[in-house]
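> The structure is given below, and queries will be raised subsequently.
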Number of protein chains: 2
Amino acid sequence: MGWGDLGAFGEPSKETPNLDQMASEGMLFLDFYTANPLCSPSRAALLTGRLPIRNGFYTTNAHARNAYTPQSIVGGIPDSELLLPELLKKAGYTNKIIGKWHLGHRPQFHPLKHGFDEWFGSPNCHFGPYDNKAVPNIPVYRDWEMVGRYYEDFNIDLKTGEANLTQIYLQEALDFISRQQASQQPFFLYWAIDATHAPVYASKHFLGTSQRGLYGDAVREIDDSIGKILKHLQKLGISENTFVFFTSDNGAALISAPKQGGSNGRFLCGKQTTFEGGMREPAIAWWPGHIPAGKVSHQLGNVMDLFTTSLSLAGLQPPSDRQIDGIDLLPAILQGQLIDRPIFYYRGNEMMAVRVGLYKAHYWTWSNSWEEYSKGIDFCPGQNVSGVTTHTKEEHTTLPLLFHLGRDPGEKYPLSFASAEYEGAMERISNVVQQHKVTMVPGEPQLNVCDKAVMNWSPPGCEKLGKCLKPPESEPEKCIWPH
Amino acid sequence: MGWGDLGAFGEPSKETPNLDQMASEGMLFLDFYTANPLCSPSRAALLTGRLPIRNGFYTTNAHARNAYTPQSIVGGIPDSELLLPELLKKAGYTNKIIGKWHLGHRPQFHPLKHGFDEWFGSPNCHFGPYDNKAVPNIPVYRDWEMVGRYYEDFNIDLKTGEANLTQIYLQEALDFISRQQASQQPFFLYWAIDATHAPVYASKHFLGTSQRGLYGDAVREIDDSIGKILKHLQKLGISENTFVFFTSDNGAALISAPKQGGSNGRFLCGKQTTFEGGMREPAIAWWPGHIPAGKVSHQLGNVMDLFTTSLSLAGLQPPSDRQIDGIDLLPAILQGQLIDRPIFYYRGNEMMAVRVGLYKAHYWTWSNSWEEYSKGIDFCPGQNVSGVTTHTKEEHTTLPLLFHLGRDPGEKYPLSFASAEYEGAMERISNVVQQHKVTMVPGEPQLNVCDKAVMNWSPPGCEKLGKCLKPPESEPEKCIWPH
């Protein structure tokens, strides 16, 4: 989902009454970011509070390439990483993930080995259908074992766009919350649903109900579901004791437009890029009785902050034996403070850009290669900013391209290199970048090696269902990341 | 001002608390249009309820060219046109215009000859400063006579951007409303201020206060002023008896970006064009006790509707001896009805496009000429949709370019000509267009002839101020309209 997909963020159809109401009852973040313009690294960053370059969710197979965890990936979240649910356990929390895990699907990476107590969902994206010969269909897990596969037991009709997955995930959430309330246990629910990722789907009740087509139907279903979750918390009388945060893992995938693509508002480009459209996210904090209603924040935030903020809410300290990139947002959320902190825009192993205050400096610009672009893969459809949305990887490390995101949110007008404004802003930014680079110790890259033998051929529980498939022989190879 | 300039419409700085509150207390229109992507024709359409092609506010000097009323214009609003204030007078209304008239500045076009009882403001845009030799500075009128000139008695500091004009116009509005309330007279106030038109200005109190630079300062001052006007109505106890509508006369002028340009959100291009960015406007209706708070409307609306709607509010019928293009929006505003009606996108003498429901068909596409573009005049900076944002005037009258504005608000993906969707939508649209063209009787074009002798050399009242200037000899010529 993109920054511009919600009514509260200016989507012209304004079809998200529940999220808009959540914002009017809570705090709307206008300057909130993901840690990476792609799903796996972004989700790894959220759960570890650390940049993907630190927690290993990147590749060194090539320079500045987006990588994720397709089912052929060999790597996943390292045991050495401390995930939010592992830490929350110490404070007595029960932790559940509903939806897409995406932090590795081999046994050692299973979410229940990394702090979660329950899981309902899939380890990978809902791509398919596959033939179960060259490629197996993606399994859906309940806790330790698979309970079926997408396109088989959990159908997605690619022709009509119908699938009731969001409804299933909603019901899982409501049930979990009810159980936790009944047992008086504190809980962490990570509702990490697949929608609105392509192939886009919605359940029958929502199909054809949006001005925006199928993508809008999916947004409406998410909006409706979140409304139901919030109302459930209120009905159970625990809304004033439950902190809820809504955000997305990357900007809308404009490459899926117009049929399955969302909106990044007036921001440049989309998913896969380090322009604002790829990384600025819709974000809403909700906590009745604690967050004053209808507030708007310009705090620079990041999904990694949800790690530190959640620990803070549970009365826990973040680990002190490693660099944590997320900050505690509670002073911003509860007292309206503005905490000075930079935002780093990474693509794979490269820091492409950095934001300090309202200034954003691009050290590298790239949308995608001419080769990919000539195949029709366009991350910036209809947008073309000369020297900015480049199809060759352009290095600006000695003289970064600088934008003022207040006057120019669309990153169209680089500041003059000769201006006093450029000089003043870059002095500040250079210090921030230098400090960042000096202390940066990259983690072991996890997304370099692929192997068809590690695909979801025979996940645990497959025997009971008669759904075990025979893997091919192991042939590890370098994963190819074209973007 | 553009569709995207308000917080309620997704401006990322969200600096318009008063307008956002006005929307939350009233009705937000998401599909509201101007009648022309340029100021004079738009304002003429608002006051007559008729398309510029009918009321004469267009040119036939060239095909599909935007025209307006610079101070060399010979024409203006014809006596045969019936303006909203003329009609409201019959119901006992006192009418005042504050700000830019722009419907002709020669004596016969004076607003007090066309139904207004009071005027404070200028006949033309606040361009300048001029030398009072080749070109006179624009006068500011109080009622029948000038009281000074811009850059002389009403200063605009182009270096700092400081001018207190919006404050003066605000005070005029508050005073007028107080007087009307005291005398128990019904009133029509047309608060037609110059800001945020370039050269952009703001008063000292607002300078430097916006994330967005000078343009944002001006928006904040307008927002603050409207908040004060609404509070004034409430304080006087007449808010439940006063209908207030906020909108703009054209999309944001992207050519003035980034320093003085606003935002059209995610819509394509800006002022001067018939893409959504040029003609879709922010719009809010406010009438406490009558309009339910926080409503959102997808009614296709147009500035011309304010003519018919205002008459309806005053218990008057629109004139029956001529074609009126504006419709009565009260059923949409008060009962939430959706009235089926098309939107026509004119540029000069040409119907460039038409919207019916969510479909928009372009019969002609043009941003501006290669010649102008090569001079750096770009109405679509950073945007380039192949075959759509064309620099040659492209005719599509036999096979219009069709867009679905729900799925594709940015007009980037024309529907396939071969699709059933195209055929079905175009059948409906063709009927609408045919009916429109068959009944269209263009008015006498008023914006063809220019003459330096008619400039504001010696406006009435100049003698008292010692500000009369000697006009040159009359040399009527065809006005040149490059866009």
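Naming scheme: A, B, ... for chains in displayed order of the structure tokens; residues 1 onward per chain; ligands 1 onward as shown.
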Can you tell me which residues surround Ala253 (chain B) at a distance of at most 8 Å, considering only C-alpha atoms, apart from same-chain residues fewer than 6 positions away, and format the answer as an mmCIF file with N, CA, C and O atoms, in the first residue's frame?


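Okay, this is what ended up in around.cif:
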```cif
data_model
loop_
_atom_site.group_PDB
_atom_site.id
_atom_site.type_symbol
_atom_site.label_atom_id
_atom_site.label_comp_id
_atom_site.auth_asym_id
_atom_site.auth_seq_id
_atom_site.Cartn_x
_atom_site.Cartn_y
_atom_site.Cartn_z
ATOM 1 N N MET B 1 -4.911 28.101 -6.600
ATOM 2 C CA MET B 1 -4.705 27.004 -5.665
ATOM 3 C C MET B 1 -5.125 25.699 -6.332
ATOM 4 O O MET B 1 -6.011 25.701 -7.185
ATOM 5 N N GLY B 2 -4.452 24.624 -5.966
ATOM 6 C CA GLY B 2 -4.752 23.360 -6.617
ATOM 7 C C GLY B 2 -5.455 22.385 -5.691
ATOM 8 O O GLY B 2 -5.504 22.582 -4.469
ATOM 9 N N GLY B 261 4.846 27.587 -6.799
ATOM 10 C CA GLY B 261 3.843 26.708 -7.388
ATOM 11 C C GLY B 261 3.189 25.819 -6.354
ATOM 12 O O GLY B 261 3.838 25.357 -5.422
ATOM 13 N N GLY B 262 1.907 25.568 -6.544
ATOM 14 C CA GLY B 262 1.167 24.734 -5.606
ATOM 15 C C GLY B 262 1.092 23.294 -6.061
ATOM 16 O O GLY B 262 1.894 22.834 -6.869
ATOM 17 N N GLY B 270 -1.149 20.964 -14.776
ATOM 18 C CA GLY B 270 -1.689 22.036 -13.946
ATOM 19 C C GLY B 270 -2.420 23.075 -14.761
ATOM 20 O O GLY B 270 -2.868 22.804 -15.882
ATOM 21 N N LYS B 271 -2.555 24.238 -14.149
ATOM 22 C CA LYS B 271 -3.193 25.406 -14.768
ATOM 23 C C LYS B 271 -2.843 25.497 -16.251
ATOM 24 O O LYS B 271 -1.720 25.201 -16.630
ATOM 25 N N GLN B 272 -3.772 25.931 -17.046
ATOM 26 C CA GLN B 272 -3.659 26.094 -18.501
ATOM 27 C C GLN B 272 -4.045 24.828 -19.276
ATOM 28 O O GLN B 272 -4.276 24.892 -20.472
ATOM 29 N N PHE B 379 3.926 23.041 -18.414
ATOM 30 C CA PHE B 379 2.724 22.941 -17.580
ATOM 31 C C PHE B 379 2.620 21.578 -16.882
ATOM 32 O O PHE B 379 1.687 21.351 -16.113
#
```

> Sorted by chain and rising residue number, which residues of chain A lie within 6 Å of chain B, and what are their closest atom pairs and distances in Å to one decimal, counting only C-alpha atoms, as a Markdown table?


```
| residue | atom | partner | partner_atom | distance |
| --- | --- | --- | --- | --- |
| A:Phe9 | CA | B:Gly10 | CA | 4.4 |
| A:Gly10 | CA | B:Gly10 | CA | 3.8 |
| A:Gln211 | CA | B:Gly406 | CA | 4.7 |
| A:Arg212 | CA | B:Arg407 | CA | 4.0 |
| A:Gly213 | CA | B:Arg407 | CA | 5.7 |
| A:Pro258 | CA | B:Asp408 | CA | 5.9 |
| A:Gly265 | CA | B:Arg266 | CA | 5.2 |
| A:Arg266 | CA | B:Arg266 | CA | 4.6 |
| A:Gly382 | CA | B:Val385 | CA | 4.7 |
| A:Gln383 | CA | B:Gln383 | CA | 4.5 |
| A:Asn384 | CA | B:Gly382 | CA | 5.1 |
| A:Val385 | CA | B:Gly382 | CA | 4.7 |
| A:Gly406 | CA | B:Arg212 | CA | 4.5 |
| A:Arg407 | CA | B:Arg212 | CA | 4.0 |
| A:Asp408 | CA | B:Pro258 | CA | 6.0 |
```

> Using only C-alpha atoms, which of the listed residues (B:Lys470, B:Arg355, B:Arg106, B:His483) sits closest to Thr273 (chain B)?

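Under the stated criterion, the closest residue is B:His483.
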
> Go through B:Leu83, B:Val74, B:Ile377, B:Arg341 one by one, measure the shortest atom-to-atom distance of each to Pro318 (chain B) using only C-alpha atoms, and give the residue with the smallest value.

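With only C-alpha atoms as the atom set, the closest residue is B:Leu83.
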
> Please return, as a ChimeraX atom specification, all residues of region 53-192 of chain B that DSSP assigns to helix (DSSP H, G or I) on the basis of the backbone.

/B:53-55,84-89,107-109,111-113,165-183

> Kindly export the residues of the current selection with N, CA, C and O atoms, as a compact mmCIF listing (two decimals), in the first residue's frame.


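Contents of result23.txt, freshly written:
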```
# COMPACT_ATOMS: atom_id res chain seq x y z
N ILE B 53 -17.57 29.73 -23.30
CA ILE B 53 -17.90 29.75 -24.73
C ILE B 53 -19.27 30.39 -24.96
O ILE B 53 -19.56 30.92 -26.03
N ARG B 54 -20.11 30.38 -23.93
CA ARG B 54 -21.41 31.04 -24.05
C ARG B 54 -21.36 32.50 -23.63
O ARG B 54 -21.94 33.36 -24.27
N ASN B 55 -20.64 32.77 -22.53
CA ASN B 55 -20.67 34.16 -22.02
C ASN B 55 -19.62 35.05 -22.67
O ASN B 55 -19.50 36.22 -22.31
N LEU B 84 -24.81 36.75 -11.11
CA LEU B 84 -25.42 36.31 -9.86
C LEU B 84 -25.85 37.48 -8.98
O LEU B 84 -27.00 37.50 -8.50
N PRO B 85 -24.98 38.50 -8.76
CA PRO B 85 -25.43 39.59 -7.87
C PRO B 85 -26.61 40.38 -8.44
O PRO B 85 -27.46 40.85 -7.68
N GLU B 86 -26.67 40.52 -9.77
CA GLU B 86 -27.82 41.21 -10.36
C GLU B 86 -29.12 40.52 -9.99
O GLU B 86 -30.13 41.16 -9.70
N LEU B 87 -29.07 39.20 -10.04
CA LEU B 87 -30.29 38.43 -9.75
C LEU B 87 -30.60 38.42 -8.26
O LEU B 87 -31.75 38.51 -7.85
N LEU B 88 -29.54 38.31 -7.45
CA LEU B 88 -29.75 38.27 -6.00
C LEU B 88 -30.34 39.58 -5.48
O LEU B 88 -31.06 39.60 -4.47
N LYS B 89 -30.03 40.67 -6.17
CA LYS B 89 -30.59 41.97 -5.78
C LYS B 89 -32.10 41.92 -5.69
O LYS B 89 -32.71 42.56 -4.82
N PRO B 107 -14.90 51.09 -18.26
CA PRO B 107 -16.03 51.56 -17.42
C PRO B 107 -17.29 50.70 -17.51
O PRO B 107 -17.92 50.41 -16.48
N GLN B 108 -17.64 50.27 -18.71
CA GLN B 108 -18.91 49.52 -18.85
C GLN B 108 -18.87 48.15 -18.17
O GLN B 108 -19.91 47.52 -17.98
N PHE B 109 -17.66 47.69 -17.84
CA PHE B 109 -17.55 46.35 -17.24
C PHE B 109 -17.43 46.40 -15.70
O PHE B 109 -17.29 45.37 -15.06
N PRO B 111 -17.75 46.22 -11.88
CA PRO B 111 -18.64 45.30 -11.13
C PRO B 111 -19.89 45.97 -10.58
O PRO B 111 -20.93 45.31 -10.45
N LEU B 112 -19.81 47.26 -10.25
CA LEU B 112 -21.01 47.92 -9.72
C LEU B 112 -22.04 48.19 -10.82
O LEU B 112 -23.18 48.58 -10.53
N LYS B 113 -21.62 48.00 -12.07
CA LYS B 113 -22.59 48.05 -13.18
C LYS B 113 -23.18 46.67 -13.46
O LYS B 113 -24.03 46.53 -14.34
N LEU B 165 -1.90 42.33 1.63
CA LEU B 165 -3.15 42.41 0.89
C LEU B 165 -4.21 41.45 1.43
O LEU B 165 -5.37 41.82 1.56
N THR B 166 -3.80 40.23 1.74
CA THR B 166 -4.81 39.27 2.22
C THR B 166 -5.40 39.76 3.54
O THR B 166 -6.59 39.59 3.80
N GLN B 167 -4.56 40.40 4.37
CA GLN B 167 -5.07 40.95 5.62
C GLN B 167 -6.08 42.08 5.36
O GLN B 167 -7.11 42.18 6.04
N ILE B 168 -5.77 42.92 4.38
CA ILE B 168 -6.70 44.01 4.04
C ILE B 168 -8.03 43.42 3.54
O ILE B 168 -9.11 43.83 3.96
N TYR B 169 -7.91 42.40 2.68
CA TYR B 169 -9.12 41.77 2.14
C TYR B 169 -9.92 41.06 3.23
O TYR B 169 -11.14 41.02 3.21
N LEU B 170 -9.20 40.48 4.18
CA LEU B 170 -9.88 39.84 5.30
C LEU B 170 -10.67 40.86 6.11
O LEU B 170 -11.85 40.66 6.43
N GLN B 171 -10.00 41.98 6.41
CA GLN B 171 -10.68 43.01 7.22
C GLN B 171 -11.91 43.54 6.51
O GLN B 171 -12.96 43.76 7.13
N GLU B 172 -11.78 43.72 5.19
CA GLU B 172 -12.93 44.16 4.38
C GLU B 172 -14.09 43.18 4.52
O GLU B 172 -15.25 43.59 4.61
N ALA B 173 -13.77 41.91 4.52
CA ALA B 173 -14.81 40.88 4.61
C ALA B 173 -15.49 40.92 5.98
O ALA B 173 -16.72 40.92 6.08
N LEU B 174 -14.68 40.98 7.04
CA LEU B 174 -15.24 40.99 8.39
C LEU B 174 -16.12 42.23 8.59
O LEU B 174 -17.22 42.13 9.17
N ASP B 175 -15.65 43.36 8.10
CA ASP B 175 -16.42 44.61 8.24
C ASP B 175 -17.75 44.51 7.51
O ASP B 175 -18.80 44.88 8.04
N PHE B 176 -17.69 44.02 6.28
CA PHE B 176 -18.92 43.91 5.47
C PHE B 176 -19.92 42.99 6.16
O PHE B 176 -21.12 43.32 6.28
N ILE B 177 -19.43 41.85 6.64
CA ILE B 177 -20.34 40.90 7.30
C ILE B 177 -20.95 41.53 8.56
O ILE B 177 -22.16 41.42 8.79
N SER B 178 -20.14 42.23 9.33
CA SER B 178 -20.65 42.90 10.54
C SER B 178 -21.75 43.90 10.18
O SER B 178 -22.81 43.95 10.82
N ARG B 179 -21.50 44.68 9.14
CA ARG B 179 -22.49 45.69 8.73
C ARG B 179 -23.79 45.03 8.28
O ARG B 179 -24.88 45.49 8.60
N GLN B 180 -23.66 43.97 7.53
CA GLN B 180 -24.87 43.30 7.04
C GLN B 180 -25.66 42.70 8.18
O GLN B 180 -26.89 42.76 8.22
N GLN B 181 -24.92 42.11 9.13
CA GLN B 181 -25.61 41.50 10.26
C GLN B 181 -26.32 42.58 11.07
O GLN B 181 -27.47 42.41 11.49
N ALA B 182 -25.65 43.73 11.23
CA ALA B 182 -26.24 44.82 12.01
C ALA B 182 -27.51 45.34 11.35
O ALA B 182 -28.48 45.70 12.03
N SER B 183 -27.49 45.37 10.01
CA SER B 183 -28.65 45.93 9.30
C SER B 183 -29.67 44.85 8.96
O SER B 183 -30.65 45.13 8.29
```

> Mind checking which residues fall within 12 Å of Asp117 (chain B), counting only C-alpha atoms, ignoring those fewer than 6 positions away in the same chain, and posting them as number ranges by chain?

B: 85-86, 88-89, 92-98, 110-111, 142-144, 176, 187-190

> So what do you get for CA of Tyr33 (chain A) versus CA of Thr308 (chain A), distance-wise?

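Distance between the two atoms: 15.0 Å.
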
> Which residue is closest to Ile327 (chain A)? Choose from A:Arg50, A:His197, A:Arg43, A:His362 and count only C-alpha atoms.

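Of A:Arg50, A:His197, A:Arg43, A:His362, the one nearest Ile327 (chain A), counting only C-alpha atoms, is A:Arg50.
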
> Mind the document's chain letters and residue numbers, and return as an MDAnalysis selection string the residues of region 252-294 of chain A that DSSP labels strand (DSSP E or B).

chainID A and resid 280:286

> Leaving out Gln335 (chain A) and any residue of its chain fewer than 4 positions from it, which residues lie within 9 Å of it when counting only C-alpha atoms, given as a ChimeraX atom specification?

/A:291,330-331

> Considering only C-alpha atoms, can you say which of B:Gly75, B:Pro70, B:Pro319, B:Gly227 comes closest to Asn137 (chain B)?

B:Pro70

> Do a neighbour search on region 156-164 of chain B at 8 Å with only C-alpha atoms, toss out local chain neighbours closer than 3 positions, and write the hits as a PDB file with N, CA, C and O atoms, in the first residue's frame.


```pdb
ATOM      1  N   TYR B 150      -1.282  49.060  -7.022  1.00  0.00           N
ATOM      2  CA  TYR B 150      -0.346  48.050  -6.533  1.00  0.00           C
ATOM      3  C   TYR B 150       1.088  48.547  -6.722  1.00  0.00           C
ATOM      4  O   TYR B 150       1.394  49.243  -7.687  1.00  0.00           O
ATOM      5  N   TYR B 151       1.930  48.145  -5.793  1.00  0.00           N
ATOM      6  CA  TYR B 151       3.366  48.477  -5.785  1.00  0.00           C
ATOM      7  C   TYR B 151       3.611  49.948  -5.447  1.00  0.00           C
ATOM      8  O   TYR B 151       4.741  50.381  -5.384  1.00  0.00           O
ATOM      9  N   GLN B 167      -4.561  40.402   4.367  1.00  0.00           N
ATOM     10  CA  GLN B 167      -5.074  40.954   5.622  1.00  0.00           C
ATOM     11  C   GLN B 167      -6.081  42.077   5.362  1.00  0.00           C
ATOM     12  O   GLN B 167      -7.105  42.184   6.036  1.00  0.00           O
ATOM     13  N   ILE B 168      -5.775  42.917   4.379  1.00  0.00           N
ATOM     14  CA  ILE B 168      -6.704  44.005   4.036  1.00  0.00           C
ATOM     15  C   ILE B 168      -8.027  43.416   3.544  1.00  0.00           C
ATOM     16  O   ILE B 168      -9.112  43.834   3.959  1.00  0.00           O
ATOM     17  N   PRO B 199       2.788  36.962  -8.733  1.00  0.00           N
ATOM     18  CA  PRO B 199       3.821  36.794  -7.705  1.00  0.00           C
ATOM     19  C   PRO B 199       3.201  36.525  -6.329  1.00  0.00           C
ATOM     20  O   PRO B 199       2.366  37.282  -5.871  1.00  0.00           O
ATOM     21  N   VAL B 200       3.665  35.446  -5.713  1.00  0.00           N
ATOM     22  CA  VAL B 200       3.093  34.997  -4.449  1.00  0.00           C
ATOM     23  C   VAL B 200       3.556  35.904  -3.310  1.00  0.00           C
ATOM     24  O   VAL B 200       4.703  36.347  -3.278  1.00  0.00           O
ATOM     25  N   TYR B 201       2.619  36.194  -2.397  1.00  0.00           N
ATOM     26  CA  TYR B 201       2.950  37.056  -1.257  1.00  0.00           C
ATOM     27  C   TYR B 201       2.250  36.567   0.005  1.00  0.00           C
ATOM     28  O   TYR B 201       1.286  35.790  -0.058  1.00  0.00           O
ATOM     29  N   ALA B 202       2.735  37.034   1.117  1.00  0.00           N
ATOM     30  CA  ALA B 202       2.068  36.795   2.405  1.00  0.00           C
ATOM     31  C   ALA B 202       2.435  37.955   3.315  1.00  0.00           C
ATOM     32  O   ALA B 202       3.411  38.675   3.067  1.00  0.00           O
ATOM     33  N   SER B 203       1.646  38.159   4.369  1.00  0.00           N
ATOM     34  CA  SER B 203       1.967  39.241   5.294  1.00  0.00           C
ATOM     35  C   SER B 203       3.040  38.771   6.271  1.00  0.00           C
ATOM     36  O   SER B 203       3.314  37.577   6.395  1.00  0.00           O
ATOM     37  N   LYS B 204       3.634  39.746   6.943  1.00  0.00           N
ATOM     38  CA  LYS B 204       4.807  39.489   7.765  1.00  0.00           C
ATOM     39  C   LYS B 204       4.606  38.333   8.753  1.00  0.00           C
ATOM     40  O   LYS B 204       5.478  37.481   8.927  1.00  0.00           O
ATOM     41  N   LEU B 207       5.054  35.046   6.839  1.00  0.00           N
ATOM     42  CA  LEU B 207       6.282  34.801   6.059  1.00  0.00           C
ATOM     43  C   LEU B 207       7.215  33.844   6.791  1.00  0.00           C
ATOM     44  O   LEU B 207       7.515  34.035   7.968  1.00  0.00           O
ATOM     45  N   LEU B 214       7.321  30.165   0.402  1.00  0.00           N
ATOM     46  CA  LEU B 214       6.439  31.332   0.271  1.00  0.00           C
ATOM     47  C   LEU B 214       5.027  30.936  -0.152  1.00  0.00           C
ATOM     48  O   LEU B 214       4.039  31.475   0.360  1.00  0.00           O
TER      49      LEU B 214
END
```

> Of the residues A:Pro136, A:Gly424, A:Gly466, A:Gly121, which is the one nearest to His102 (chain A), using only C-alpha atoms?

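Closest to His102 (chain A) of all the choices is A:Gly121.
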
> Skip Pro471 (chain B) itself and residues of its chain fewer than 4 positions away, then list as a list in words all residues within 8 Å of it, counting only C-alpha atoms.

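Those residues are Lys452, Ala453, Val454, Met455, Trp457 and Ser458 of chain B.
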
> Could you please take those selected residues and save C-alpha atoms as a compact mmCIF listing (two decimals), in the first residue's frame?


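And here is the file that came out, selection_37.txt:
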```txt
# COMPACT_ATOMS: atom_id res chain seq x y z
CA LYS B 452 -2.62 49.60 -25.02
CA ALA B 453 -4.83 52.68 -24.92
CA VAL B 454 -7.41 50.88 -22.74
CA MET B 455 -4.94 50.05 -19.97
CA TRP B 457 -4.05 54.83 -17.27
CA SER B 458 -6.69 57.02 -15.73
```

> Fewer than 6 positions away in the same chain doesn't count, so skip those; otherwise give me all residues within 9 Å of Phe32 (chain A), counting only C-alpha atoms, as a list in words.

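So, after excluding close chain neighbours, the residues are Thr247, Met279, Arg280, Glu281, Pro282, Ala283, His298, Gln299, Leu300, Gly301, Asn302 and Val303 of chain A.
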
> Now that the selection is made, can you save its residues with N, CA and C atoms as a compact mmCIF listing (two decimals), in the first residue's frame?


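Okay, again_29.txt is ready:
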```txt
# COMPACT_ATOMS: atom_id res chain seq x y z
N THR A 247 0.61 0.65 9.32
CA THR A 247 1.51 1.17 8.29
C THR A 247 1.70 0.11 7.21
N MET A 279 9.20 4.73 -0.44
CA MET A 279 9.51 4.48 0.98
C MET A 279 8.71 5.29 1.99
N ARG A 280 7.99 6.35 1.55
CA ARG A 280 7.17 7.06 2.53
C ARG A 280 5.83 6.33 2.64
N GLU A 281 5.38 6.08 3.85
CA GLU A 281 4.24 5.19 4.08
C GLU A 281 3.10 5.88 4.81
N PRO A 282 1.89 5.39 4.57
CA PRO A 282 0.80 5.83 5.44
C PRO A 282 1.06 5.29 6.84
N ALA A 283 0.73 6.04 7.85
CA ALA A 283 0.99 5.58 9.22
C ALA A 283 0.03 6.27 10.19
N HIS A 298 4.68 15.45 12.33
CA HIS A 298 5.74 15.50 11.32
C HIS A 298 7.02 14.82 11.81
N GLN A 299 6.90 14.06 12.89
CA GLN A 299 8.05 13.30 13.36
C GLN A 299 8.54 12.38 12.23
N LEU A 300 9.83 12.42 11.94
CA LEU A 300 10.37 11.46 10.99
C LEU A 300 10.37 10.10 11.67
N GLY A 301 9.57 9.20 11.13
CA GLY A 301 9.44 7.88 11.73
C GLY A 301 9.83 6.79 10.77
N ASN A 302 9.99 5.59 11.29
CA ASN A 302 10.42 4.46 10.48
C ASN A 302 9.84 3.19 11.07
N VAL A 303 9.56 2.21 10.21
CA VAL A 303 9.01 0.94 10.74
C VAL A 303 9.89 0.36 11.84
```

> With only C-alpha atoms as the atoms that count, which of A:Gly357, A:Ser72, A:Val135, A:Thr60 lies nearest to Pro476 (chain A)?

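Closest to Pro476 (chain A), using only C-alpha atoms: A:Ser72.
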